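run.txt (compact mmCIF, C-alpha atoms and all ligand atoms) appears below.
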```txt
# COMPACT_ATOMS: atom_id res chain seq x y z
CA MET A 11 -49.54 -30.27 -11.46
CA THR A 12 -48.24 -32.24 -14.41
CA LEU A 13 -49.94 -32.01 -17.74
CA THR A 14 -50.10 -35.46 -19.24
CA ALA A 15 -51.74 -36.50 -22.44
CA SER A 16 -54.65 -38.91 -22.10
CA PRO A 17 -54.89 -41.72 -24.64
CA PRO A 18 -57.36 -40.82 -27.38
CA THR A 19 -60.90 -42.08 -26.95
CA ASP A 20 -63.68 -42.04 -29.48
CA ILE A 21 -65.56 -39.29 -27.69
CA VAL A 22 -66.37 -36.10 -29.58
CA ASP A 23 -68.06 -33.81 -27.10
CA LEU A 24 -69.11 -30.52 -28.67
CA SER A 25 -71.65 -29.57 -26.04
CA SER A 26 -71.74 -26.03 -24.71
CA ILE A 27 -69.49 -25.22 -21.74
CA LYS A 28 -71.51 -23.26 -19.21
CA THR A 29 -68.89 -22.29 -16.64
CA VAL A 30 -65.14 -22.50 -16.26
CA LYS A 31 -65.64 -25.53 -14.00
CA GLN A 32 -66.98 -27.48 -17.00
CA VAL A 33 -63.88 -26.86 -19.13
CA PRO A 34 -62.29 -30.26 -19.92
CA TYR A 35 -59.22 -30.89 -17.82
CA THR A 36 -57.32 -32.90 -20.42
CA GLU A 37 -54.82 -31.03 -22.56
CA TYR A 38 -54.10 -31.89 -26.21
CA PHE A 39 -51.65 -29.01 -26.72
CA VAL A 40 -49.14 -29.42 -23.91
CA SER A 41 -45.80 -28.03 -22.80
CA GLY A 42 -42.79 -28.49 -25.07
CA HIS A 43 -43.30 -25.55 -27.41
CA ARG A 44 -41.05 -22.55 -27.69
CA THR A 45 -43.38 -19.62 -28.08
CA CYS A 46 -42.55 -16.42 -26.18
CA GLN A 47 -43.64 -16.01 -22.60
CA GLY A 48 -47.15 -14.53 -22.57
CA CYS A 49 -47.93 -15.58 -26.17
CA GLU A 50 -51.71 -15.47 -26.52
CA SER A 51 -51.58 -17.33 -29.83
CA ALA A 52 -50.19 -20.36 -27.96
CA LEU A 53 -53.16 -20.07 -25.61
CA VAL A 54 -55.45 -20.02 -28.65
CA MET A 55 -53.88 -23.33 -29.77
CA ARG A 56 -54.34 -24.80 -26.29
CA TYR A 57 -58.00 -23.78 -26.15
CA ILE A 58 -58.71 -25.06 -29.66
CA ALA A 59 -57.30 -28.49 -28.74
CA LYS A 60 -59.05 -28.55 -25.37
CA ALA A 61 -62.43 -27.64 -26.88
CA ALA A 62 -62.15 -30.04 -29.83
CA GLY A 63 -60.82 -33.05 -27.90
CA PRO A 64 -59.00 -36.18 -29.02
CA ARG A 65 -60.74 -37.05 -32.31
CA THR A 66 -59.25 -34.08 -34.10
CA ILE A 67 -56.83 -33.45 -36.96
CA VAL A 68 -55.04 -30.08 -36.91
CA MET A 69 -53.27 -28.45 -39.85
CA GLY A 70 -51.23 -25.32 -39.34
CA SER A 71 -49.80 -22.76 -41.75
CA THR A 72 -46.25 -21.51 -41.54
CA GLY A 73 -45.83 -18.86 -38.86
CA CYS A 74 -45.06 -18.68 -35.15
CA MET A 75 -47.59 -21.41 -34.38
CA TYR A 76 -45.78 -23.73 -36.77
CA VAL A 77 -42.15 -22.85 -36.19
CA ALA A 78 -42.20 -22.38 -32.41
CA ASN A 79 -44.44 -25.42 -31.98
CA THR A 80 -42.43 -27.96 -33.93
CA SER A 81 -38.80 -27.54 -33.05
CA TYR A 82 -36.79 -30.54 -34.16
CA TYR A 83 -38.17 -33.79 -32.70
CA THR A 84 -40.52 -32.05 -30.28
CA THR A 85 -44.16 -31.04 -30.48
CA PRO A 86 -46.80 -29.94 -28.02
CA TRP A 87 -49.57 -31.44 -30.18
CA VAL A 88 -51.10 -34.61 -28.77
CA VAL A 89 -53.59 -34.91 -31.64
CA PRO A 90 -52.45 -35.57 -35.24
CA TRP A 91 -50.90 -32.40 -36.62
CA MET A 92 -49.58 -31.45 -40.05
CA HIS A 93 -47.84 -28.37 -41.44
CA THR A 94 -49.36 -26.67 -44.47
CA GLN A 95 -48.01 -23.86 -46.64
CA LEU A 96 -48.31 -20.23 -45.57
CA GLY A 97 -51.33 -19.43 -47.76
CA SER A 98 -53.00 -22.84 -47.64
CA ALA A 99 -55.14 -23.15 -44.51
CA GLY A 100 -58.30 -23.05 -46.65
CA SER A 101 -57.10 -25.70 -49.10
CA ALA A 102 -55.75 -27.92 -46.31
CA ALA A 103 -59.02 -27.82 -44.38
CA LEU A 104 -61.14 -28.49 -47.44
CA GLY A 105 -58.82 -31.23 -48.75
CA ALA A 106 -58.67 -33.05 -45.41
CA ALA A 107 -62.44 -32.85 -44.92
CA ALA A 108 -63.05 -34.11 -48.47
CA GLY A 109 -60.46 -36.88 -48.07
CA LEU A 110 -62.02 -38.15 -44.86
CA LYS A 111 -65.47 -38.11 -46.44
CA VAL A 112 -64.31 -40.19 -49.41
CA LEU A 113 -62.42 -42.70 -47.23
CA MET A 114 -65.51 -43.14 -45.06
CA ARG A 115 -67.78 -43.50 -48.09
CA LYS A 116 -65.50 -46.19 -49.54
CA GLY A 117 -65.44 -48.03 -46.21
CA LYS A 118 -61.71 -47.50 -45.74
CA LEU A 119 -62.32 -45.53 -42.55
CA ALA A 120 -65.00 -46.15 -39.97
CA GLN A 121 -67.92 -43.71 -40.15
CA GLU A 122 -67.33 -41.49 -37.15
CA PRO A 123 -67.12 -37.79 -36.41
CA ILE A 124 -63.59 -36.43 -36.80
CA ASN A 125 -62.91 -32.74 -36.25
CA VAL A 126 -60.93 -31.07 -39.03
CA ILE A 127 -59.23 -27.83 -38.03
CA ALA A 128 -56.78 -25.68 -40.00
CA PHE A 129 -55.20 -22.56 -38.57
CA CYS A 130 -53.24 -19.69 -40.04
CA GLY A 131 -51.83 -16.38 -38.89
CA ASP A 132 -52.95 -12.98 -40.16
CA GLY A 133 -50.19 -12.96 -42.78
CA GLY A 134 -51.17 -16.46 -43.88
CA GLY A 135 -54.94 -15.95 -43.64
CA ALA A 136 -55.94 -12.30 -43.94
CA ASP A 137 -53.31 -11.60 -46.63
CA MET A 138 -51.72 -14.49 -48.50
CA GLY A 139 -54.31 -17.25 -48.06
CA LEU A 140 -57.47 -15.18 -48.17
CA SER A 141 -58.54 -16.61 -51.54
CA ALA A 142 -58.14 -20.22 -50.36
CA ILE A 143 -60.19 -19.51 -47.23
CA SER A 144 -62.82 -17.75 -49.32
CA ALA A 145 -63.03 -20.71 -51.71
CA ALA A 146 -63.22 -23.21 -48.85
CA LEU A 147 -66.11 -21.33 -47.25
CA THR A 148 -68.23 -21.82 -50.38
CA HIS A 149 -68.13 -25.64 -50.04
CA ALA A 150 -71.22 -26.19 -47.93
CA GLU A 151 -70.97 -29.99 -48.16
CA TYR A 152 -67.81 -30.34 -46.04
CA ASN A 153 -67.30 -29.93 -42.31
CA PHE A 154 -64.21 -28.11 -41.12
CA LEU A 155 -63.11 -25.16 -39.04
CA ILE A 156 -60.52 -22.57 -40.08
CA ILE A 157 -59.01 -20.48 -37.30
CA LEU A 158 -57.15 -17.29 -38.09
CA TYR A 159 -54.96 -16.32 -35.11
CA ASP A 160 -54.22 -12.65 -35.51
CA ASN A 161 -51.12 -11.26 -33.78
CA GLU A 162 -51.26 -8.29 -36.18
CA SER A 163 -47.95 -8.87 -37.94
CA TYR A 164 -45.86 -11.41 -39.79
CA ALA A 165 -44.41 -12.23 -36.37
CA ASN A 166 -42.34 -15.31 -37.10
CA THR A 167 -40.14 -13.50 -39.60
CA ASP A 168 -39.58 -10.62 -37.14
CA ILE A 169 -42.73 -8.53 -37.02
CA GLN A 170 -43.39 -7.23 -40.53
CA VAL A 171 -46.52 -5.16 -41.18
CA SER A 172 -49.55 -7.12 -42.44
CA GLY A 173 -53.01 -6.15 -43.69
CA SER A 174 -54.12 -6.84 -40.12
CA SER A 175 -51.63 -4.52 -38.41
CA PRO A 176 -53.38 -1.56 -36.75
CA TRP A 177 -53.00 1.99 -38.02
CA GLY A 178 -49.76 3.62 -36.92
CA ALA A 179 -48.20 0.53 -35.31
CA VAL A 180 -44.42 0.25 -35.38
CA THR A 181 -43.24 -2.91 -37.10
CA THR A 182 -39.89 -3.71 -38.66
CA PHE A 183 -41.40 -2.51 -41.98
CA SER A 184 -43.04 0.56 -40.47
CA PRO A 185 -40.65 2.18 -37.99
CA SER A 186 -41.44 5.60 -36.60
CA GLY A 187 -38.85 8.16 -37.72
CA LYS A 188 -38.11 11.86 -37.58
CA LYS A 189 -39.46 12.58 -41.06
CA LYS A 190 -42.44 10.25 -40.78
CA ARG A 191 -43.82 9.62 -37.35
CA ILE A 192 -46.61 7.38 -38.68
CA MET A 193 -45.30 5.02 -41.32
CA HIS A 194 -48.20 2.55 -41.42
CA THR A 195 -51.18 4.60 -42.57
CA ARG A 196 -53.65 1.87 -43.60
CA TRP A 197 -56.58 0.86 -41.39
CA LYS A 198 -56.79 -2.78 -40.30
CA LYS A 199 -58.57 -5.05 -42.76
CA ASN A 200 -62.02 -6.24 -41.58
CA THR A 201 -61.42 -9.91 -42.38
CA PRO A 202 -64.18 -11.58 -40.32
CA GLY A 203 -66.81 -9.04 -41.47
CA MET A 204 -65.73 -9.54 -45.09
CA LEU A 205 -65.92 -13.35 -44.78
CA ALA A 206 -69.27 -13.24 -42.99
CA ALA A 207 -70.82 -10.85 -45.51
CA GLY A 208 -69.45 -12.63 -48.56
CA HIS A 209 -70.03 -16.32 -47.81
CA PRO A 210 -73.71 -17.16 -47.45
CA ASP A 211 -72.92 -20.91 -47.44
CA ALA A 212 -70.57 -20.71 -44.47
CA ALA A 213 -72.19 -22.53 -41.55
CA TYR A 214 -70.53 -20.50 -38.82
CA ILE A 215 -68.33 -17.39 -38.60
CA ALA A 216 -67.15 -15.77 -35.38
CA THR A 217 -64.60 -13.53 -33.74
CA ALA A 218 -62.96 -14.45 -30.44
CA ASP A 219 -60.28 -13.50 -27.94
CA ALA A 220 -58.39 -15.92 -25.68
CA ALA A 221 -58.86 -13.52 -22.75
CA TYR A 222 -62.44 -14.79 -22.84
CA GLY A 223 -61.59 -18.48 -22.92
CA VAL A 224 -64.99 -20.08 -22.31
CA ASP A 225 -66.59 -17.91 -25.01
CA PHE A 226 -63.79 -18.92 -27.38
CA MET A 227 -63.99 -22.65 -26.62
CA ASN A 228 -67.74 -22.60 -27.11
CA LYS A 229 -67.25 -20.91 -30.47
CA VAL A 230 -64.76 -23.62 -31.46
CA ARG A 231 -67.32 -26.27 -30.56
CA LYS A 232 -70.12 -24.45 -32.39
CA GLY A 233 -67.93 -24.12 -35.47
CA LEU A 234 -67.12 -27.83 -35.41
CA ALA A 235 -70.75 -28.82 -34.84
CA ALA A 236 -72.15 -26.43 -37.45
CA GLY A 237 -72.28 -29.07 -40.20
CA GLY A 238 -70.43 -27.06 -42.83
CA PRO A 239 -67.51 -24.70 -43.34
CA ALA A 240 -66.71 -22.57 -40.30
CA PHE A 241 -64.28 -19.72 -39.61
CA ILE A 242 -63.12 -18.07 -36.38
CA HIS A 243 -60.84 -15.02 -36.17
CA THR A 244 -59.05 -14.45 -32.85
CA LEU A 245 -57.15 -11.34 -31.79
CA ASP A 246 -53.97 -12.39 -29.95
CA PRO A 247 -51.73 -10.01 -27.98
CA CYS A 248 -48.09 -10.75 -28.85
CA PRO A 249 -45.53 -9.45 -26.30
CA LYS A 250 -42.71 -9.44 -28.83
CA GLY A 251 -44.49 -7.72 -31.69
CA TRP A 252 -46.62 -5.36 -29.61
CA ASP A 253 -43.76 -4.58 -27.22
CA TYR A 254 -45.14 -4.92 -23.70
CA ASP A 255 -44.50 -6.93 -20.55
CA PRO A 256 -45.81 -10.51 -21.09
CA TYR A 257 -47.53 -10.20 -17.75
CA ILE A 258 -50.30 -8.02 -19.27
CA SER A 259 -51.18 -10.19 -22.29
CA HIS A 260 -54.55 -11.13 -20.92
CA GLU A 261 -55.32 -7.59 -19.85
CA LEU A 262 -54.63 -6.34 -23.37
CA GLY A 263 -56.93 -9.02 -24.77
CA GLU A 264 -59.68 -7.73 -22.50
CA LEU A 265 -58.94 -4.10 -23.38
CA ALA A 266 -59.17 -4.84 -27.09
CA VAL A 267 -62.77 -5.94 -26.53
CA ASN A 268 -63.70 -3.37 -23.90
CA THR A 269 -62.45 -0.42 -25.97
CA GLY A 270 -64.61 -1.67 -28.86
CA ILE A 271 -61.57 -2.20 -31.08
CA TRP A 272 -62.24 -5.95 -31.31
CA PRO A 273 -65.97 -6.73 -31.31
CA LEU A 274 -66.95 -10.28 -30.35
CA TYR A 275 -69.71 -11.83 -32.45
CA GLU A 276 -70.91 -14.94 -34.22
CA VAL A 277 -72.96 -15.56 -37.34
CA GLU A 278 -74.92 -18.78 -37.17
CA ASP A 279 -77.62 -19.77 -39.68
CA HIS A 280 -77.39 -16.23 -41.09
CA VAL A 281 -78.17 -14.72 -37.71
CA LEU A 282 -75.63 -12.29 -36.27
CA LYS A 283 -75.25 -12.25 -32.52
CA LEU A 284 -72.90 -10.01 -30.57
CA THR A 285 -71.40 -11.94 -27.67
CA GLY A 286 -69.91 -11.31 -24.22
CA ARG A 287 -68.73 -7.81 -23.35
CA THR A 288 -69.46 -6.61 -26.90
CA GLN A 289 -73.11 -7.46 -26.45
CA GLN A 290 -73.11 -5.53 -23.19
CA ILE A 291 -71.49 -2.51 -24.85
CA ALA A 292 -74.04 -2.56 -27.68
CA ALA A 293 -76.88 -2.85 -25.16
CA LYS A 294 -75.36 0.16 -23.31
CA LYS A 295 -74.99 -1.91 -20.13
CA ILE A 296 -71.30 -0.99 -20.02
CA GLN A 297 -69.40 1.83 -21.69
CA ARG A 298 -66.57 1.45 -24.14
CA GLN A 299 -63.22 2.26 -22.54
CA PRO A 300 -61.10 4.90 -24.31
CA VAL A 301 -58.67 3.41 -26.85
CA ARG A 302 -55.92 5.37 -25.07
CA ASP A 303 -56.05 2.77 -22.25
CA TYR A 304 -55.16 0.05 -24.77
CA LEU A 305 -52.76 1.91 -27.03
CA LEU A 306 -50.52 3.42 -24.36
CA ARG A 307 -49.77 0.03 -22.79
CA GLN A 308 -47.91 -1.03 -25.95
CA GLY A 309 -44.50 0.06 -27.19
CA ARG A 310 -45.63 -0.20 -30.83
CA PHE A 311 -47.79 2.91 -30.22
CA ALA A 312 -45.31 4.76 -27.97
CA HIS A 313 -44.71 7.39 -30.68
CA PHE A 314 -48.40 8.38 -30.79
CA THR A 315 -49.28 12.01 -30.05
CA ASN A 316 -52.64 13.02 -28.61
CA ASP A 317 -53.82 13.77 -32.16
CA ASP A 318 -52.92 10.23 -33.22
CA ILE A 319 -54.87 8.78 -30.31
CA ASP A 320 -57.84 11.03 -31.15
CA TYR A 321 -57.75 9.86 -34.76
CA PHE A 322 -57.69 6.21 -33.65
CA GLN A 323 -60.59 6.88 -31.27
CA SER A 324 -62.60 8.60 -34.01
CA LYS A 325 -62.19 5.58 -36.32
CA VAL A 326 -63.37 3.20 -33.59
CA ASP A 327 -66.30 5.53 -32.76
CA GLU A 328 -67.20 5.46 -36.46
CA MET A 329 -67.35 1.62 -36.35
CA TRP A 330 -69.83 1.80 -33.50
CA GLU A 331 -71.88 4.81 -34.53
CA LYS A 332 -71.94 4.82 -38.32
CA TRP A 333 -71.53 1.27 -39.61
CA LEU A 334 -74.65 -0.52 -40.86
CA VAL A 335 -73.97 -3.32 -38.37
CA PRO A 336 -71.82 -1.74 -35.64
CA GLY A 337 -68.35 -3.28 -35.50
CA VAL A 338 -69.18 -5.80 -38.24
CA ILE A 339 -70.34 -4.33 -41.57
CA PRO A 340 -68.64 -1.08 -42.63
CA PHE A 341 -71.35 0.41 -44.84
CA ARG A 342 -73.68 3.30 -44.29
CA GLN A 343 -77.06 2.94 -45.91
CA GLU A 344 -78.13 5.73 -48.23
CA VAL A 345 -80.88 7.77 -46.63
CA GLU A 346 -83.51 8.76 -49.23
CA ALA A 347 -83.73 12.32 -47.96
CA ASP A 348 -80.00 12.70 -48.66
CA ASN A 349 -80.50 11.60 -52.23
CA PRO A 350 -84.10 12.13 -53.41
CA PRO A 351 -85.21 10.31 -56.58
CA ALA A 352 -84.86 12.47 -59.74
C1 LIG A 401 -44.88 -18.46 -49.56
C2 LIG A 401 -44.08 -18.06 -48.38
N1 LIG A 401 -43.62 -16.79 -48.28
C3 LIG A 401 -42.90 -16.42 -47.21
C4 LIG A 401 -42.62 -17.32 -46.22
C5 LIG A 401 -41.80 -16.87 -45.02
N2 LIG A 401 -42.60 -16.83 -43.82
C6 LIG A 401 -42.67 -17.83 -42.94
S1 LIG A 401 -43.63 -17.53 -41.61
C7 LIG A 401 -43.98 -15.99 -42.18
C8 LIG A 401 -44.82 -15.05 -41.37
C9 LIG A 401 -46.26 -15.47 -41.29
O1 LIG A 401 -47.00 -14.49 -40.65
P1 LIG A 401 -48.41 -14.88 -40.03
O2 LIG A 401 -49.17 -15.71 -40.95
O3 LIG A 401 -49.04 -13.64 -39.56
O4 LIG A 401 -48.02 -15.81 -38.79
P2 LIG A 401 -47.15 -15.38 -37.50
O5 LIG A 401 -45.72 -15.62 -37.85
O6 LIG A 401 -47.45 -13.98 -37.22
O7 LIG A 401 -47.60 -16.30 -36.42
C10 LIG A 401 -43.34 -15.73 -43.42
C11 LIG A 401 -43.42 -14.48 -44.18
C12 LIG A 401 -43.10 -18.64 -46.36
N3 LIG A 401 -42.90 -19.58 -45.44
N4 LIG A 401 -43.83 -18.98 -47.44
S1 LIG A 402 -43.58 -13.45 -31.61
FE1 LIG A 402 -45.65 -13.16 -30.77
S2 LIG A 402 -46.95 -14.74 -31.75
FE2 LIG A 402 -44.78 -15.30 -32.05
S3 LIG A 402 -44.33 -16.73 -30.39
FE3 LIG A 402 -43.73 -14.67 -29.71
S4 LIG A 402 -45.54 -13.83 -28.63
FE4 LIG A 402 -46.20 -15.61 -29.83
MG MG A 403 -49.18 -12.87 -37.62
```
Mind turning the file's structure into structure tokens?
Ligand SMILES: Cc1ncc(C[n+]2csc(CCOP(=O)(O)OP(=O)(O)O)c2C)c(N)n1
Ligand code: SF4
Ligand SMILES: [Mg+2]
Amino acid sequence: MTLTASPPTDIVDLSSIKTVKQVPYTEYFVSGHRTCQGCESALVMRYIAKAAGPRTIVMGSTGCMYVANTSYYTTPWVVPWMHTQLGSAGSAALGAAAGLKVLMRKGKLAQEPINVIAFCGDGGGADMGLSAISAALTHAEYNFLIILYDNESYANTDIQVSGSSPWGAVTTFSPSGKKKRIMHTRWKKNTPGMLAAGHPDAAYIATADAAYGVDFMNKVRKGLAAGGPAFIHTLDPCPKGWDYDPYISHELGELAVNTGIWPLYEVEDHVLKLTGRTQQIAAKKIQRQPVRDYLLRQGRFAHFTNDDIDYFQSKVDEMWEKWLVPGVIPFRQEVEADNPPA
């Protein structure tokens, strides 16, 4: 099978995909990139482009999905693509959406739907560019989608720890040593929950995982059709940074969801809906798998003792059993009996 780019048409189809058979065949992110074998972030790019279709502009922050995707004179992007600075996905998305709107209003561009998508990594989005994303999500009058692909490290510059790296993970900045077995002692930042809770004007906010491709593509389409600022955070297994055989990338993506470490949800019109396997876990139709099944498949956790695994499990249990909205909002509401009025 050869993957060939179709010439762009003026069709923007953002309808829901019901089964894998309805997934569009045409690719707009094709071969010719140099990401590692088994790179789930590359799959995220492919699914974004597939779901959005030909009338799409993509902007990408510095990181693996910029560097490995734009080696000199080559690119896998069939749709227009532009690099933006490491912390600028929010500004790029907002600026492009505003620019298109003005050009259309002035009659310099035909009035037609054009998808505006900006992506960033966890370093670029959850750390450095968080303020730009936050600002962008307050601009209800513009349509765009920001995608944060989270491989849980600054991968492109050789796997440095980020605010999205999981507790205890070995990175080049947090090696496990004799004196300190656990060097990275901070819990992963809850970026999608923070953005959902703090941006009432955002039209759509979701989490996703490329191991569940149809769910992800539908979320991309919903975000683009939402009629305002939208944000999706994906969790992407990274064979190089997580240290495992590329063969199991997909399996790790599934385990992240099935252990409850990465809850899948969407917030649409201020309504939160758990999706896919996460919904089934919450409804007690299936049980969460132990985090051990996920952690022990990855070299970055190979130094973990049973106590470390138990600690990790207890933190994930807390998310599910004690958070105000399990897996999403990390508060506990004060119970009056605990604190009676004076
Ligand atoms: C302002 C700025 N600081 C540092 C860099 C160097 N740099 C390029 S890519 C990168 C890592 C980005 O990490 P992330 O956003 O998580 O993307 P990933 O490489 O993991 O795909 C860094 C630190 C840069 N390009 N710009
Ligand atoms: S280091 Fe990780 S994110 Fe970067 S190209 Fe390789 S697998 Fe993909
Ligand atoms: Mg990263």
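Compared by their closest atoms to ligand LIG 402 (chain A), and using all atoms listed in the file, the residues A:Ile169, A:Met204, A:Leu245, A:Ile143 rank with A:Ile169 nearest.
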Residues of chain A that have any atom at most 7 Å from an atom of ligand LIG 401 (chain A): could you tabulate them with the shortest-distance atom pair and the distance in Å to one decimal, using all atoms listed in the file, ordered by chain and increasing number, as CSV?
```
residue,atom,partner,partner_atom,distance
A:Thr72,CA,A:LIG401,S1,4.8
A:Gly73,CA,A:LIG401,O5,3.4
A:Cys74,CA,A:LIG401,O7,3.7
A:Met75,CA,A:LIG401,O7,5.5
A:Gln95,CA,A:LIG401,N4,6.5
A:Leu96,CA,A:LIG401,N4,5.0
A:Gly97,CA,A:LIG401,C1,6.8
A:Cys130,CA,A:LIG401,O2,5.8
A:Gly131,CA,A:LIG401,O2,3.4
A:Asp132,CA,A:LIG401,O3,4.0
A:Gly133,CA,A:LIG401,O2,3.5
A:Gly134,CA,A:LIG401,O2,3.6
A:Gly135,CA,A:LIG401,O2,6.4
A:Asp160,CA,A:LIG401,O3,6.6
A:Asn161,CA,A:LIG401,O6,5.7
A:Glu162,CA,A:LIG401,O3,6.7
A:Ser163,CA,A:LIG401,O3,5.2
A:Tyr164,CA,A:LIG401,O1,3.4
A:Ala165,CA,A:LIG401,O6,3.6
A:Asn166,CA,A:LIG401,O5,3.5
A:Thr167,CA,A:LIG401,C8,5.2
```
Can you spit out the residues from that selection as a PDB file, in the frame of the given file, using C-alpha atoms?
```
ATOM      1  CA  THR A  72     -46.250 -21.510 -41.540  1.00  0.00           C
ATOM      2  CA  GLY A  73     -45.830 -18.860 -38.860  1.00  0.00           C
ATOM      3  CA  CYS A  74     -45.060 -18.680 -35.150  1.00  0.00           C
ATOM      4  CA  MET A  75     -47.590 -21.410 -34.380  1.00  0.00           C
ATOM      5  CA  GLN A  95     -48.010 -23.860 -46.640  1.00  0.00           C
ATOM      6  CA  LEU A  96     -48.310 -20.230 -45.570  1.00  0.00           C
ATOM      7  CA  GLY A  97     -51.330 -19.430 -47.760  1.00  0.00           C
ATOM      8  CA  CYS A 130     -53.240 -19.690 -40.040  1.00  0.00           C
ATOM      9  CA  GLY A 131     -51.830 -16.380 -38.890  1.00  0.00           C
ATOM     10  CA  ASP A 132     -52.950 -12.980 -40.160  1.00  0.00           C
ATOM     11  CA  GLY A 133     -50.190 -12.960 -42.780  1.00  0.00           C
ATOM     12  CA  GLY A 134     -51.170 -16.460 -43.880  1.00  0.00           C
ATOM     13  CA  GLY A 135     -54.940 -15.950 -43.640  1.00  0.00           C
ATOM     14  CA  ASP A 160     -54.220 -12.650 -35.510  1.00  0.00           C
ATOM     15  CA  ASN A 161     -51.120 -11.260 -33.780  1.00  0.00           C
ATOM     16  CA  GLU A 162     -51.260  -8.290 -36.180  1.00  0.00           C
ATOM     17  CA  SER A 163     -47.950  -8.870 -37.940  1.00  0.00           C
ATOM     18  CA  TYR A 164     -45.860 -11.410 -39.790  1.00  0.00           C
ATOM     19  CA  ALA A 165     -44.410 -12.230 -36.370  1.00  0.00           C
ATOM     20  CA  ASN A 166     -42.340 -15.310 -37.100  1.00  0.00           C
ATOM     21  CA  THR A 167     -40.140 -13.500 -39.600  1.00  0.00           C
TER      22      THR A 167
END
```
If I wrap all listed atoms of ligand LIG 402 (chain A) in a box with edges along x, y and z and add 3 Å on each side, what are its centre and edge lengths in Å to one decimal, as JSON?
```
{"center_x": -45.3, "center_y": -14.9, "center_z": -30.3, "size_x": 9.4, "size_y": 9.6, "size_z": 9.4}
```
Residue contacts of Asp253 in chain A (8 Å, all atoms listed in the file) excluding same-chain residues fewer than 4 positions away, as a short mmCIF file (atom, residue, chain, number, x, y, z; two decimals) with C-alpha atoms, in the frame of the given file:
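Resulting contents of result-v1.cif:
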```
data_model
loop_
_atom_site.label_atom_id
_atom_site.label_comp_id
_atom_site.auth_asym_id
_atom_site.auth_seq_id
_atom_site.Cartn_x
_atom_site.Cartn_y
_atom_site.Cartn_z
CA CYS A 248 -48.09 -10.75 -28.85
CA PRO A 249 -45.53 -9.45 -26.30
CA GLN A 308 -47.91 -1.03 -25.95
CA GLY A 309 -44.50 0.06 -27.19
CA ARG A 310 -45.63 -0.20 -30.83
#
```
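Omitting Phe322 in chain A and its sequence neighbours fewer than 5 positions away, and counting only C-alpha atoms, the residues within 9 Å are A:Trp177, A:Gly178, A:Val301, A:Arg302, A:Asp317, A:Asp327.
Compared by their closest atoms to Ile58 in chain A, and using only C-alpha atoms, the residues A:Thr244, A:Gln299, A:Asn79, A:Thr201 rank with A:Thr244 nearest.
For Ile339 in chain A, the residues within 7 Å (counting only C-alpha atoms, excluding itself and residues fewer than 5 positions away along the chain) are A:Gly203, A:Trp333, A:Leu334.
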Take the residues from that selection and put them in a file with C-alpha atoms, as a PDB file, in the coordinates of the input.
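Contents of the output file result03.pdb:
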```
ATOM      1  CA  GLY A 203     -66.810  -9.040 -41.470  1.00  0.00           C
ATOM      2  CA  TRP A 333     -71.530   1.270 -39.610  1.00  0.00           C
ATOM      3  CA  LEU A 334     -74.650  -0.520 -40.860  1.00  0.00           C
TER       4      LEU A 334
END
```
Could you list, as a PDB file with C-alpha atoms, in the coordinates of the input, every residue within 12 Å of range 29-32 of chain A, counting all atoms listed in the file and ignoring same-chain residues fewer than 4 positions away?
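For reference, part-v5.pdb as written:
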```
ATOM      1  CA  ASP A  23     -68.060 -33.810 -27.100  1.00  0.00           C
ATOM      2  CA  SER A  25     -71.650 -29.570 -26.040  1.00  0.00           C
ATOM      3  CA  THR A  36     -57.320 -32.900 -20.420  1.00  0.00           C
ATOM      4  CA  LYS A  60     -59.050 -28.550 -25.370  1.00  0.00           C
ATOM      5  CA  ALA A  61     -62.430 -27.640 -26.880  1.00  0.00           C
ATOM      6  CA  TYR A 222     -62.440 -14.790 -22.840  1.00  0.00           C
ATOM      7  CA  GLY A 223     -61.590 -18.480 -22.920  1.00  0.00           C
ATOM      8  CA  VAL A 224     -64.990 -20.080 -22.310  1.00  0.00           C
ATOM      9  CA  ASP A 225     -66.590 -17.910 -25.010  1.00  0.00           C
ATOM     10  CA  PHE A 226     -63.790 -18.920 -27.380  1.00  0.00           C
ATOM     11  CA  MET A 227     -63.990 -22.650 -26.620  1.00  0.00           C
ATOM     12  CA  ASN A 228     -67.740 -22.600 -27.110  1.00  0.00           C
TER      13      ASN A 228
END
```
When you count all atoms listed in the file, which of these residues is closest to ligand LIG 402 (chain A): A:Thr288, A:Ser141, A:Ser259, A:Ser41? A:Ser259
Give me, as a ChimeraX atom specification, all polymer residues having an atom no more than 9 Å from range 260-263 of chain A, counting all atoms listed in the file and skipping those fewer than 2 positions away in the same chain. /A:48,50,219-222,245-247,256-258,265-268,272,304,307-308
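Distance check against ligand MG 403 (chain A) using only C-alpha atoms and all ligand atoms: of A:Met329, A:Leu158, A:Leu205, A:Val126, the minimum falls on A:Leu158.
Reported to one decimal place, the separation of CA of Asp255 in chain A from CA of Phe314 in chain A is 18.8 Å.
Rounded to one decimal, CA of Ala142 in chain A and CA of Asp168 in chain A lie 24.7 Å from each other.
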Given all atoms listed in the file as the counted atoms, nearest of A:Ile21, A:Val77, A:Leu147, A:Met69 to ligand LIG 402 (chain A): A:Val77
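With atom S2 of ligand LIG 402 (chain A) on one side and CA of Arg44 in chain A on the other, the separation reads 10.6 Å.
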Which residue out of A:Ser175, A:Asn200, A:Thr80, A:Gln47 has the minimum interatomic distance to ligand MG 403 (chain A) when all atoms listed in the file are used? A:Ser175
(-43.7, 6.2, -35.2) in this file's frame - what residues fall within 10 Å of it? Use only C-alpha atoms and give the answer as a ChimeraX atom specification. /A:178-181,184-194,310-315
Please determine the residues with any atom at most 12 Å from (-72.2, -34.5, -29.4) (coordinates as given in the file, with all atoms listed in the file counting) and report them as an MDAnalysis selection string. chainID A and resid 20:26 62:63 122:125 231:232 234:236
